[in-house]
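Undergrad: Please find final.cif (mmCIF, C-alpha atoms and all ligand atoms) on the next line:
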data_entry
#
loop_
_atom_site.label_atom_id
_atom_site.label_comp_id
_atom_site.auth_asym_id
_atom_site.auth_seq_id
_atom_site.Cartn_x
_atom_site.Cartn_y
_atom_site.Cartn_z
CA MET A 160 4.35 20.49 -17.26
CA PRO A 161 0.82 19.03 -17.37
CA ALA A 162 0.49 15.47 -16.10
CA GLN A 163 0.41 13.03 -19.02
CA LYS A 164 0.53 9.69 -17.28
CA THR A 165 -2.96 8.26 -16.81
CA ILE A 166 -2.57 7.64 -13.07
CA LEU A 167 -1.36 11.18 -12.46
CA ARG A 168 -4.29 12.50 -14.49
CA ALA A 169 -6.80 10.48 -12.45
CA LEU A 170 -5.12 11.63 -9.23
CA ALA A 171 -5.43 15.23 -10.42
CA GLY A 172 -9.20 14.67 -10.60
CA GLU A 173 -9.70 13.88 -14.28
CA THR A 174 -12.43 11.43 -15.31
CA LEU A 175 -10.73 9.28 -17.96
CA PRO A 176 -12.48 7.20 -20.63
CA THR A 177 -10.54 4.15 -19.41
CA PRO A 178 -9.50 3.88 -15.77
CA PRO A 179 -5.78 3.30 -15.26
CA ILE A 180 -4.97 -0.09 -13.69
CA TRP A 181 -2.49 -1.56 -11.28
CA MET A 182 -2.81 -4.25 -8.62
CA MET A 183 -1.80 -4.51 -4.98
CA ARG A 184 0.94 -7.19 -4.57
CA GLN A 185 1.29 -7.29 -8.35
CA ALA A 186 4.86 -8.48 -7.84
CA GLY A 187 4.35 -11.61 -5.77
CA ARG A 188 4.11 -15.32 -5.30
CA TYR A 189 1.37 -15.97 -7.89
CA LEU A 190 4.08 -15.34 -10.52
CA PRO A 191 6.58 -18.18 -11.13
CA GLU A 192 9.26 -15.64 -12.11
CA TYR A 193 8.83 -13.94 -8.71
CA ARG A 194 9.29 -17.25 -6.90
CA ALA A 195 12.44 -17.92 -8.92
CA THR A 196 13.97 -14.52 -8.09
CA ARG A 197 13.05 -14.86 -4.42
CA ALA A 198 14.82 -18.23 -4.37
CA GLN A 199 17.86 -16.59 -5.97
CA ALA A 200 17.83 -13.90 -3.26
CA GLY A 201 17.54 -16.56 -0.52
CA ASP A 202 14.52 -15.18 1.30
CA PHE A 203 11.95 -12.38 1.23
CA LEU A 204 13.91 -9.81 3.27
CA SER A 205 17.13 -10.41 1.32
CA LEU A 206 15.08 -9.77 -1.81
CA CYS A 207 13.76 -6.48 -0.40
CA TYR A 208 17.29 -5.25 0.41
CA ASN A 209 18.88 -6.40 -2.87
CA SER A 210 18.25 -3.38 -5.12
CA ASP A 211 18.96 -5.23 -8.38
CA LEU A 212 16.68 -8.15 -7.59
CA ALA A 213 13.97 -5.91 -6.05
CA THR A 214 14.07 -3.87 -9.28
CA GLU A 215 13.75 -7.09 -11.27
CA VAL A 216 10.67 -8.35 -9.36
CA THR A 217 9.01 -4.92 -9.54
CA LEU A 218 9.39 -5.05 -13.33
CA GLN A 219 8.21 -8.67 -13.76
CA PRO A 220 4.46 -7.88 -13.73
CA MET A 221 5.13 -4.87 -15.99
CA ARG A 222 6.57 -7.19 -18.64
CA ARG A 223 3.65 -9.60 -18.44
CA TYR A 224 0.81 -7.08 -18.24
CA ASN A 225 0.20 -3.59 -19.48
CA PHE A 226 -0.27 -2.03 -16.02
CA ASP A 227 -0.30 1.76 -15.72
CA ALA A 228 1.82 1.77 -12.57
CA ALA A 229 4.62 -0.14 -10.91
CA ILE A 230 4.79 -0.26 -7.12
CA LEU A 231 8.17 -0.38 -5.44
CA PHE A 232 8.94 -3.87 -4.16
CA ALA A 233 9.55 -3.59 -0.40
CA ASP A 234 7.45 -4.07 2.75
CA ILE A 235 5.74 -1.90 5.36
CA LEU A 236 7.75 -3.68 8.10
CA LEU A 237 11.13 -2.44 6.86
CA LEU A 238 10.56 0.85 8.73
CA PRO A 239 10.31 -0.86 12.14
CA GLN A 240 13.43 -2.81 11.24
CA ALA A 241 15.20 0.45 10.36
CA LEU A 242 14.10 1.81 13.75
CA GLY A 243 15.87 -1.13 15.38
CA ALA A 244 13.17 -3.81 15.76
CA ASP A 245 14.19 -7.38 14.97
CA LEU A 246 12.25 -8.66 11.96
CA TRP A 247 12.03 -12.06 10.32
CA PHE A 248 9.49 -13.97 8.25
CA VAL A 249 8.32 -17.48 9.05
CA THR A 250 7.55 -19.29 5.78
CA GLY A 251 3.85 -20.00 5.42
CA GLU A 252 3.00 -17.94 8.52
CA GLY A 253 4.11 -14.34 8.13
CA PRO A 254 6.17 -11.69 9.89
CA ARG A 255 7.67 -11.87 13.38
CA LEU A 256 9.13 -8.88 15.24
CA SER A 257 10.58 -8.14 18.63
CA THR A 258 7.71 -6.67 20.67
CA ILE A 259 7.25 -3.24 22.23
CA THR A 260 5.11 -3.33 25.34
CA ASP A 261 6.55 -0.59 27.56
CA ARG A 262 8.69 2.54 27.79
CA THR A 263 11.94 0.50 27.80
CA GLY A 264 11.06 -1.09 24.48
CA LEU A 265 10.19 2.29 23.02
CA ASP A 266 13.41 3.89 24.30
CA ARG A 267 15.43 1.15 22.63
CA LEU A 268 14.30 2.33 19.18
CA LYS A 269 16.77 4.31 17.11
CA PRO A 270 16.25 8.00 16.33
CA VAL A 271 14.30 8.69 13.15
CA GLU A 272 17.29 10.26 11.39
CA ASP A 273 19.09 6.88 11.55
CA ILE A 274 16.54 4.98 9.42
CA HIS A 275 18.22 5.81 6.11
CA GLU A 276 21.26 3.72 6.98
CA THR A 277 19.08 0.59 6.74
CA LEU A 278 16.73 1.86 4.05
CA ASN A 279 19.31 3.12 1.52
CA PRO A 280 18.98 -0.04 -0.66
CA ILE A 281 15.24 0.69 -0.95
CA TYR A 282 15.96 4.19 -2.23
CA GLN A 283 18.41 2.65 -4.70
CA THR A 284 15.61 0.37 -5.97
CA VAL A 285 13.45 3.46 -6.49
CA ARG A 286 16.27 5.17 -8.44
CA ASN A 287 16.74 2.06 -10.60
CA LEU A 288 13.02 1.88 -11.36
CA SER A 289 12.75 5.57 -12.04
CA GLY A 290 15.17 5.08 -14.94
CA ALA A 291 13.74 1.76 -16.14
CA LEU A 292 10.00 2.40 -16.54
CA SER A 293 8.34 3.52 -19.77
CA LYS A 294 7.20 7.13 -19.98
CA GLU A 295 3.52 6.12 -19.67
CA THR A 296 4.08 4.23 -16.41
CA THR A 297 3.88 5.75 -12.94
CA LEU A 298 6.19 4.70 -10.10
CA ILE A 299 4.43 4.33 -6.74
CA GLY A 300 6.32 4.34 -3.44
CA PHE A 301 4.65 3.32 -0.18
CA ALA A 302 4.75 2.92 3.58
CA GLY A 303 2.49 1.48 6.24
CA ALA A 304 0.37 3.92 8.23
CA PRO A 305 1.48 4.33 11.87
CA TRP A 306 -1.44 2.40 13.41
CA THR A 307 -1.01 -0.64 11.14
CA VAL A 308 2.76 -0.73 11.62
CA ALA A 309 2.31 -0.27 15.39
CA THR A 310 -0.03 -3.30 15.54
CA TYR A 311 2.84 -5.50 14.28
CA MET A 312 5.46 -3.85 16.52
CA ILE A 313 3.34 -4.27 19.65
CA ALA A 314 2.16 -7.84 19.01
CA GLY A 315 5.35 -9.03 17.31
CA ARG A 316 3.24 -10.55 14.53
CA GLY A 317 0.00 -10.19 12.60
CA THR A 318 -3.10 -10.59 14.78
CA PRO A 319 -6.70 -11.13 13.65
CA ASP A 320 -8.17 -8.42 15.88
CA GLN A 321 -5.07 -6.28 16.71
CA GLY A 322 -5.79 -7.14 20.37
CA PRO A 323 -2.32 -6.40 21.81
CA ALA A 324 -2.23 -2.92 20.21
CA HIS A 325 -5.73 -2.12 21.51
CA ALA A 326 -4.65 -3.34 24.96
CA LEU A 327 -1.55 -1.13 25.03
CA LYS A 328 -3.66 1.84 23.91
CA ALA A 329 -6.03 1.20 26.84
CA GLU A 330 -3.39 0.39 29.47
CA ASN A 331 -0.45 2.63 28.60
CA LYS A 332 -1.67 5.40 26.36
CA GLU A 333 1.48 7.43 26.80
CA VAL A 334 3.75 4.72 25.39
CA PHE A 335 1.22 3.84 22.68
CA GLU A 336 0.96 7.47 21.55
CA ALA A 337 4.73 7.94 21.67
CA LEU A 338 5.08 4.93 19.35
CA ILE A 339 2.48 6.37 16.93
CA GLU A 340 4.38 9.66 17.06
CA ARG A 341 7.73 8.00 16.30
CA LEU A 342 6.20 6.09 13.40
CA THR A 343 4.54 9.23 12.05
CA GLU A 344 7.90 11.01 11.96
CA GLY A 345 9.67 7.96 10.54
CA THR A 346 7.05 7.56 7.81
CA ILE A 347 7.44 11.19 6.76
CA GLU A 348 11.22 10.71 6.42
CA TYR A 349 10.89 7.35 4.66
CA LEU A 350 8.33 8.54 2.09
CA SER A 351 10.14 11.81 1.57
CA ALA A 352 13.34 9.90 0.73
CA GLN A 353 11.41 7.67 -1.70
CA ILE A 354 10.10 10.79 -3.45
CA ASP A 355 13.61 12.27 -3.59
CA ALA A 356 14.73 9.00 -5.23
CA GLY A 357 12.02 9.20 -7.92
CA ALA A 358 8.68 7.94 -6.57
CA GLU A 359 5.95 9.92 -8.39
CA VAL A 360 3.07 8.94 -6.10
CA VAL A 361 3.10 7.49 -2.59
CA LYS A 362 0.56 5.25 -0.94
CA LEU A 363 -0.12 4.90 2.77
CA PHE A 364 -1.38 1.40 3.71
CA ASP A 365 -3.55 1.38 6.83
CA SER A 366 -4.56 -2.27 6.51
CA TRP A 367 -6.00 -2.48 10.02
CA ALA A 368 -7.75 0.92 10.11
CA GLY A 369 -11.10 -0.91 10.28
CA SER A 370 -10.47 -2.01 13.86
CA LEU A 371 -10.26 1.62 15.06
CA LYS A 372 -13.69 2.85 16.09
CA GLY A 373 -15.11 6.27 16.96
CA GLU A 374 -12.58 8.72 18.39
CA ASP A 375 -9.81 6.15 18.02
CA PHE A 376 -10.25 6.30 14.25
CA ASP A 377 -9.90 10.09 14.34
CA ALA A 378 -6.87 10.03 16.65
CA TYR A 379 -4.91 7.11 15.17
CA ALA A 380 -6.00 6.80 11.53
CA VAL A 381 -7.04 10.31 10.47
CA ALA A 382 -4.63 12.48 12.49
CA PRO A 383 -1.37 10.65 11.61
CA ALA A 384 -2.37 10.45 7.92
CA GLN A 385 -3.20 14.15 7.94
CA ARG A 386 0.18 15.01 9.46
CA ILE A 387 2.15 12.77 7.10
CA ILE A 388 0.33 14.10 4.04
CA SER A 389 0.58 17.78 4.99
CA GLU A 390 4.31 17.45 5.68
CA LEU A 391 4.90 15.59 2.39
CA LYS A 392 2.89 18.22 0.50
CA ALA A 393 4.99 20.97 2.09
CA ARG A 394 8.24 19.26 1.12
CA HIS A 395 7.15 17.91 -2.26
CA PRO A 396 4.39 20.06 -3.73
CA GLY A 397 2.44 18.26 -6.42
CA VAL A 398 3.32 14.69 -5.43
CA PRO A 399 -0.01 12.88 -4.98
CA VAL A 400 -0.83 10.62 -2.05
CA ILE A 401 -3.17 7.61 -2.07
CA ALA A 402 -4.55 6.68 1.36
CA PHE A 403 -5.91 3.20 2.06
CA PRO A 404 -7.74 3.05 5.41
CA ARG A 405 -8.85 -0.54 4.76
CA GLU A 406 -12.29 -1.57 6.04
CA ALA A 407 -12.99 1.96 7.24
CA GLY A 408 -16.66 1.59 6.19
CA ASP A 409 -18.53 4.84 6.89
CA ASN A 410 -15.21 6.42 7.83
CA TYR A 411 -14.28 6.39 4.12
CA ILE A 412 -16.74 9.29 3.85
CA GLY A 413 -14.80 12.53 4.21
CA PHE A 414 -11.43 10.77 4.63
CA ARG A 415 -10.03 12.67 1.66
CA ALA A 416 -10.96 16.10 3.02
CA ARG A 417 -9.88 15.26 6.56
CA THR A 418 -6.42 13.99 5.58
CA GLY A 419 -5.61 15.88 2.39
CA ALA A 420 -5.16 12.63 0.42
CA ASP A 421 -5.54 12.93 -3.35
CA CYS A 422 -7.18 9.52 -3.61
CA VAL A 423 -8.93 7.16 -1.22
CA ALA A 424 -8.40 3.47 -1.94
CA VAL A 425 -11.33 1.29 -0.91
CA ASP A 426 -11.57 -2.40 -0.06
CA ASP A 427 -14.25 -4.77 -1.35
CA SER A 428 -16.51 -4.68 1.73
CA VAL A 429 -18.16 -1.58 0.25
CA SER A 430 -20.01 -1.63 -3.09
CA ALA A 431 -18.76 0.42 -6.03
CA ALA A 432 -22.18 2.15 -6.20
CA TRP A 433 -21.83 3.21 -2.56
CA VAL A 434 -18.27 4.41 -3.23
CA ALA A 435 -19.44 6.48 -6.24
CA GLU A 436 -22.11 8.16 -4.17
CA ASN A 437 -20.22 8.71 -0.93
CA VAL A 438 -16.50 8.88 -1.67
CA GLN A 439 -15.88 9.52 -5.39
CA LYS A 440 -18.12 12.59 -5.28
CA ASP A 441 -15.18 14.29 -3.50
CA GLY A 442 -12.38 13.06 -5.80
CA CYS A 443 -10.35 10.14 -7.07
CA VAL A 444 -10.99 6.65 -5.72
CA GLN A 445 -9.06 3.41 -6.20
CA GLY A 446 -10.45 -0.12 -6.10
CA ASN A 447 -12.14 -2.46 -5.50
CA LEU A 448 -12.45 -5.91 -7.12
CA LYS A 449 -12.47 -8.79 -4.64
CA SER A 450 -9.06 -10.45 -4.95
CA SER A 451 -10.61 -13.95 -4.83
CA HIS A 452 -11.74 -13.35 -8.45
CA MET A 453 -8.06 -13.69 -9.37
CA VAL A 454 -8.29 -17.29 -8.11
CA THR A 455 -11.72 -18.24 -9.43
CA GLY A 456 -11.82 -16.24 -12.71
CA GLY A 457 -14.54 -16.96 -15.26
CA ASP A 458 -17.80 -15.15 -15.82
CA ALA A 459 -18.05 -13.88 -12.24
CA LEU A 460 -14.73 -12.04 -12.65
CA VAL A 461 -15.91 -10.49 -15.93
CA GLN A 462 -19.32 -9.43 -14.58
CA GLU A 463 -17.96 -7.96 -11.35
CA THR A 464 -15.13 -6.11 -13.14
CA ARG A 465 -17.63 -4.60 -15.59
CA ALA A 466 -19.95 -3.56 -12.77
CA ILE A 467 -17.13 -1.74 -10.95
CA VAL A 468 -15.89 0.05 -14.07
CA LYS A 469 -19.44 1.20 -14.88
CA ALA A 470 -20.34 2.25 -11.35
CA LEU A 471 -17.21 4.40 -11.09
CA ALA A 472 -17.17 5.73 -14.69
CA ASN A 473 -18.51 9.18 -13.84
CA GLY A 474 -15.56 10.36 -11.77
CA PRO A 475 -11.82 9.87 -11.32
CA HIS A 476 -11.07 6.17 -10.79
CA ILE A 477 -7.97 3.96 -10.64
CA PHE A 478 -8.93 0.31 -11.07
CA ASN A 479 -7.38 -2.04 -8.48
CA LEU A 480 -8.27 -4.96 -6.25
CA GLY A 481 -9.81 -4.43 -2.81
CA HIS A 482 -6.73 -6.04 -1.22
CA GLY A 483 -3.55 -7.75 -2.40
CA ILE A 484 -3.58 -10.60 -4.93
CA THR A 485 -3.03 -13.95 -3.20
CA PRO A 486 -0.39 -16.59 -4.00
CA ASP A 487 -3.02 -19.06 -5.31
CA ALA A 488 -4.18 -16.63 -8.04
CA ASP A 489 -4.00 -17.66 -11.70
CA PRO A 490 -1.85 -15.22 -13.73
CA ASP A 491 -4.29 -15.63 -16.68
CA ASN A 492 -7.10 -14.15 -14.58
CA VAL A 493 -5.07 -10.95 -14.17
CA GLN A 494 -4.97 -10.59 -17.97
CA LEU A 495 -8.71 -11.30 -18.13
CA MET A 496 -9.35 -8.55 -15.57
CA ILE A 497 -7.24 -6.02 -17.50
CA ASP A 498 -8.88 -6.91 -20.84
CA THR A 499 -12.33 -6.64 -19.27
CA VAL A 500 -11.62 -3.20 -17.77
CA ARG A 501 -10.41 -1.85 -21.11
CA GLU A 502 -13.17 -3.48 -23.18
CA THR A 503 -15.89 -2.25 -20.82
CA ALA A 504 -14.56 1.30 -21.01
CA ARG A 505 -14.36 1.08 -24.82
CA ASP A 506 -17.68 -0.61 -25.49
CA GLY A 507 -19.66 1.00 -22.69
O1 LIG A 601 2.11 -4.45 -3.63
C1 LIG A 601 3.27 -4.75 -4.02
O2 LIG A 601 3.46 -5.56 -4.96
C2 LIG A 601 4.45 -4.05 -3.40
C3 LIG A 601 5.13 -4.75 -2.36
C4 LIG A 601 4.42 -4.94 -1.03
C5 LIG A 601 4.62 -6.08 -0.22
N1 LIG A 601 3.99 -5.88 0.97
C6 LIG A 601 5.42 -7.26 -0.60
C7 LIG A 601 5.25 -8.51 0.15
C8 LIG A 601 3.56 -4.07 -0.33
C9 LIG A 601 2.95 -2.75 -0.75
C10 LIG A 601 3.33 -4.68 0.94
C11 LIG A 601 2.50 -4.05 1.99
C12 LIG A 601 2.26 -4.76 3.24
N2 LIG A 601 3.09 -5.59 3.92
C13 LIG A 601 1.09 -4.60 4.02
C14 LIG A 601 -0.05 -3.67 3.71
C15 LIG A 601 -0.94 -4.17 2.65
C16 LIG A 601 -1.77 -5.36 3.05
O3 LIG A 601 -1.53 -6.42 2.45
O4 LIG A 601 -2.63 -5.23 3.91
C17 LIG A 601 1.22 -5.42 5.16
C18 LIG A 601 0.20 -5.59 6.26
C19 LIG A 601 2.50 -6.04 5.09
C20 LIG A 601 3.13 -6.94 6.08
C21 LIG A 601 3.37 -8.28 5.53
N3 LIG A 601 4.32 -8.56 4.56
C22 LIG A 601 2.71 -9.48 5.87
C23 LIG A 601 1.60 -9.59 6.88
C24 LIG A 601 3.27 -10.48 5.09
C25 LIG A 601 2.98 -11.96 5.18
C26 LIG A 601 1.67 -12.28 4.63
C27 LIG A 601 1.82 -12.65 3.19
O5 LIG A 601 1.07 -12.12 2.34
O6 LIG A 601 2.66 -13.52 2.95
C28 LIG A 601 4.25 -9.89 4.24
C29 LIG A 601 5.07 -10.56 3.22
C30 LIG A 601 5.11 -10.00 1.84
N4 LIG A 601 5.17 -8.66 1.52
C31 LIG A 601 5.15 -10.73 0.63
C32 LIG A 601 5.24 -9.83 -0.42
C33 LIG A 601 5.36 -10.12 -1.89
C34 LIG A 601 5.17 -12.24 0.54
C35 LIG A 601 6.54 -12.69 0.96
C36 LIG A 601 7.07 -13.88 0.22
O7 LIG A 601 7.53 -13.74 -0.92
O8 LIG A 601 7.07 -14.96 0.84
#
Can you dump the structure from the file as structure tokens?
Ligand code: CP3
TA:
Amino acid sequence: MPAQKTILRALAGETLPTPPIWMMRQAGRYLPEYRATRAQAGDFLSLCYNSDLATEVTLQPMRRYNFDAAILFADILLLPQALGADLWFVTGEGPRLSTITDRTGLDRLKPVEDIHETLNPIYQTVRNLSGALSKETTLIGFAGAPWTVATYMIAGRGTPDQGPAHALKAENKEVFEALIERLTEGTIEYLSAQIDAGAEVVKLFDSWAGSLKGEDFDAYAVAPAQRIISELKARHPGVPVIAFPREAGDNYIGFRARTGADCVAVDDSVSAAWVAENVQKDGCVQGNLKSSHMVTGGDALVQETRAIVKALANGPHIFNLGHGITPDADPDNVQLMIDTVRETARDG
């Protein structure tokens, strides 16, 4: 059956008159209804593991806005938790995990086949959503890329420069590479189960790819993505993959061909004109409005949105932010962004 949904058409390489739209972190704290449901769940992790409430928060932005896709509500750090890491969130600060710094820590992790025990409620959320979305809307599943997830598992928290992960890579390459390997296998199983449950597209978030330079980028950003994508393609032919090697800079060039991704998502440190010339020439791209426009709004939001739509109008494009929307964003600015994208495409 030919793909009808706009996102699937863009991912198949079609240049559409209006780019499909969705937004990273579209279900999140900028929405009062999200904050209310999170309070009902108790905390963020309880919300992730409560399939009914996670379904509800995934659908909240779909009711408010006419997005072309819904993204499963979960987190990239649930996989480490399923592998046996302790995980908790400190309000106002972010995630905390038990750390892995040596072979003993690595050996304490559970085998990959055991992850589903913990992650079953996530698959249930995907099944719920698969039945609840309109026929025009695409359901996106996701996972973190091995390097990004490893940076949290090694440091036990988010770090500005991913220093602890770089240090382990330099000092104990064997353990570091074994962790990347375990996460690569776990990510294949996790995403494959999401697809079995009804995810129509999956996205791989490599939020810290930009701190990998030279051969490290090839070994720990490109190679794991290539393996994950080729294995998913073998198991689930036709299911598209979006890769997001955030802040990859020049390494965005050729990332699609090197990994087999159907679409490369780009952050806002690169201009849309540069993306058109260097990345979109090879296929679908996603991005890349600066998320601060969702806070500040106004004419700057309108002008920048128009510029991105126009710069990327001659090839397959999915409109999105360059990174997740922040809690201080104004929900009205999201509507303004969507209206501007669709008006620009209509009026030229
Ligand atoms: O995009 C979506 O709406 C889907 C759900 C989603 C969340 N996290 C929900 C979430 C997705 C796709 C993620 C991905 C994620 N999680 C990434 C990669 C993308 C990126 O932002 O770079 C990373 C690095 C994480 C890890 C993580 N989760 C951090 C560092 C934090 C704390 C920082 C923050 O923004 O608060 C989280 C928490 C988190 N994940 C929230 C949400 C809605 C906020 C939790 C809350 O409600 O308090």
Undergrad: Can you tell me which residues surround A:Gly419 at a distance of at most 8 Å, considering all atoms listed in the file, apart from same-chain residues fewer than 6 positions away, and format the answer as a list in words?
TA: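 Non-adjacent residues within range: Gln385, Ile388 and Ser389 of chain A.
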Undergrad: Dump the neighbourhood of ligand LIG 601 (chain A) as a PyMOL selection string: all residues within 9 Å, distances computed on all atoms listed in the file.
TA: chain A and resi 182-188+193-194+197+202-204+206-207+216-217+229-236+248-254+300-304+307-308+311+316-317+362-367+403+405+482-486
Undergrad: Just to be explicit: take each residue in the selection above, keep C-alpha atoms, and write the result as an mmCIF file, keeping the file's coordinate frame.
TA:
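result.cif written:
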data_model
loop_
_atom_site.group_PDB
_atom_site.id
_atom_site.type_symbol
_atom_site.label_atom_id
_atom_site.label_comp_id
_atom_site.auth_asym_id
_atom_site.auth_seq_id
_atom_site.Cartn_x
_atom_site.Cartn_y
_atom_site.Cartn_z
ATOM 1 C CA MET A 182 -2.810 -4.250 -8.620
ATOM 2 C CA MET A 183 -1.800 -4.510 -4.980
ATOM 3 C CA ARG A 184 0.940 -7.190 -4.570
ATOM 4 C CA GLN A 185 1.290 -7.290 -8.350
ATOM 5 C CA ALA A 186 4.860 -8.480 -7.840
ATOM 6 C CA GLY A 187 4.350 -11.610 -5.770
ATOM 7 C CA ARG A 188 4.110 -15.320 -5.300
ATOM 8 C CA TYR A 193 8.830 -13.940 -8.710
ATOM 9 C CA ARG A 194 9.290 -17.250 -6.900
ATOM 10 C CA ARG A 197 13.050 -14.860 -4.420
ATOM 11 C CA ASP A 202 14.520 -15.180 1.300
ATOM 12 C CA PHE A 203 11.950 -12.380 1.230
ATOM 13 C CA LEU A 204 13.910 -9.810 3.270
ATOM 14 C CA LEU A 206 15.080 -9.770 -1.810
ATOM 15 C CA CYS A 207 13.760 -6.480 -0.400
ATOM 16 C CA VAL A 216 10.670 -8.350 -9.360
ATOM 17 C CA THR A 217 9.010 -4.920 -9.540
ATOM 18 C CA ALA A 229 4.620 -0.140 -10.910
ATOM 19 C CA ILE A 230 4.790 -0.260 -7.120
ATOM 20 C CA LEU A 231 8.170 -0.380 -5.440
ATOM 21 C CA PHE A 232 8.940 -3.870 -4.160
ATOM 22 C CA ALA A 233 9.550 -3.590 -0.400
ATOM 23 C CA ASP A 234 7.450 -4.070 2.750
ATOM 24 C CA ILE A 235 5.740 -1.900 5.360
ATOM 25 C CA LEU A 236 7.750 -3.680 8.100
ATOM 26 C CA PHE A 248 9.490 -13.970 8.250
ATOM 27 C CA VAL A 249 8.320 -17.480 9.050
ATOM 28 C CA THR A 250 7.550 -19.290 5.780
ATOM 29 C CA GLY A 251 3.850 -20.000 5.420
ATOM 30 C CA GLU A 252 3.000 -17.940 8.520
ATOM 31 C CA GLY A 253 4.110 -14.340 8.130
ATOM 32 C CA PRO A 254 6.170 -11.690 9.890
ATOM 33 C CA GLY A 300 6.320 4.340 -3.440
ATOM 34 C CA PHE A 301 4.650 3.320 -0.180
ATOM 35 C CA ALA A 302 4.750 2.920 3.580
ATOM 36 C CA GLY A 303 2.490 1.480 6.240
ATOM 37 C CA ALA A 304 0.370 3.920 8.230
ATOM 38 C CA THR A 307 -1.010 -0.640 11.140
ATOM 39 C CA VAL A 308 2.760 -0.730 11.620
ATOM 40 C CA TYR A 311 2.840 -5.500 14.280
ATOM 41 C CA ARG A 316 3.240 -10.550 14.530
ATOM 42 C CA GLY A 317 0.000 -10.190 12.600
ATOM 43 C CA LYS A 362 0.560 5.250 -0.940
ATOM 44 C CA LEU A 363 -0.120 4.900 2.770
ATOM 45 C CA PHE A 364 -1.380 1.400 3.710
ATOM 46 C CA ASP A 365 -3.550 1.380 6.830
ATOM 47 C CA SER A 366 -4.560 -2.270 6.510
ATOM 48 C CA TRP A 367 -6.000 -2.480 10.020
ATOM 49 C CA PHE A 403 -5.910 3.200 2.060
ATOM 50 C CA ARG A 405 -8.850 -0.540 4.760
ATOM 51 C CA HIS A 482 -6.730 -6.040 -1.220
ATOM 52 C CA GLY A 483 -3.550 -7.750 -2.400
ATOM 53 C CA ILE A 484 -3.580 -10.600 -4.930
ATOM 54 C CA THR A 485 -3.030 -13.950 -3.200
ATOM 55 C CA PRO A 486 -0.390 -16.590 -4.000
#
Undergrad: Any idea what the distance is between atom CA of A:Lys164 and atom CA of A:Ile347?
TA: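 Computing it gives 25.1 Å between the two atoms.
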Undergrad: Of the candidates A:Ser430, A:Gln462, A:Asn410, A:Asn209, which one gets nearest to A:Asn287 if we count only C-alpha atoms?
TA: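 Nearest to A:Asn287: A:Asn209.
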Undergrad: Between atom CA of A:Lys469 and atom CA of A:Pro220, what is the distance in Å, rounded to a tenth?
TA: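 Value for the atom CA of A:Lys469-atom CA of A:Pro220 distance: 25.6 Å.
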Undergrad: Point out the residue among A:Leu246, A:Ala324, A:Ile166, A:Ile274 with the least atom-to-atom distance to A:Ser205, counting all atoms listed in the file.
TA: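 Residue with the minimum atom-to-atom distance to A:Ser205: A:Leu246.
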Undergrad: Which residue, A:Arg386, A:Lys269, A:Arg168, A:Arg222, has the smallest gap to A:Cys422 when you use only C-alpha atoms?
TA: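 That would be A:Arg168, the residue with the smallest distance to A:Cys422.
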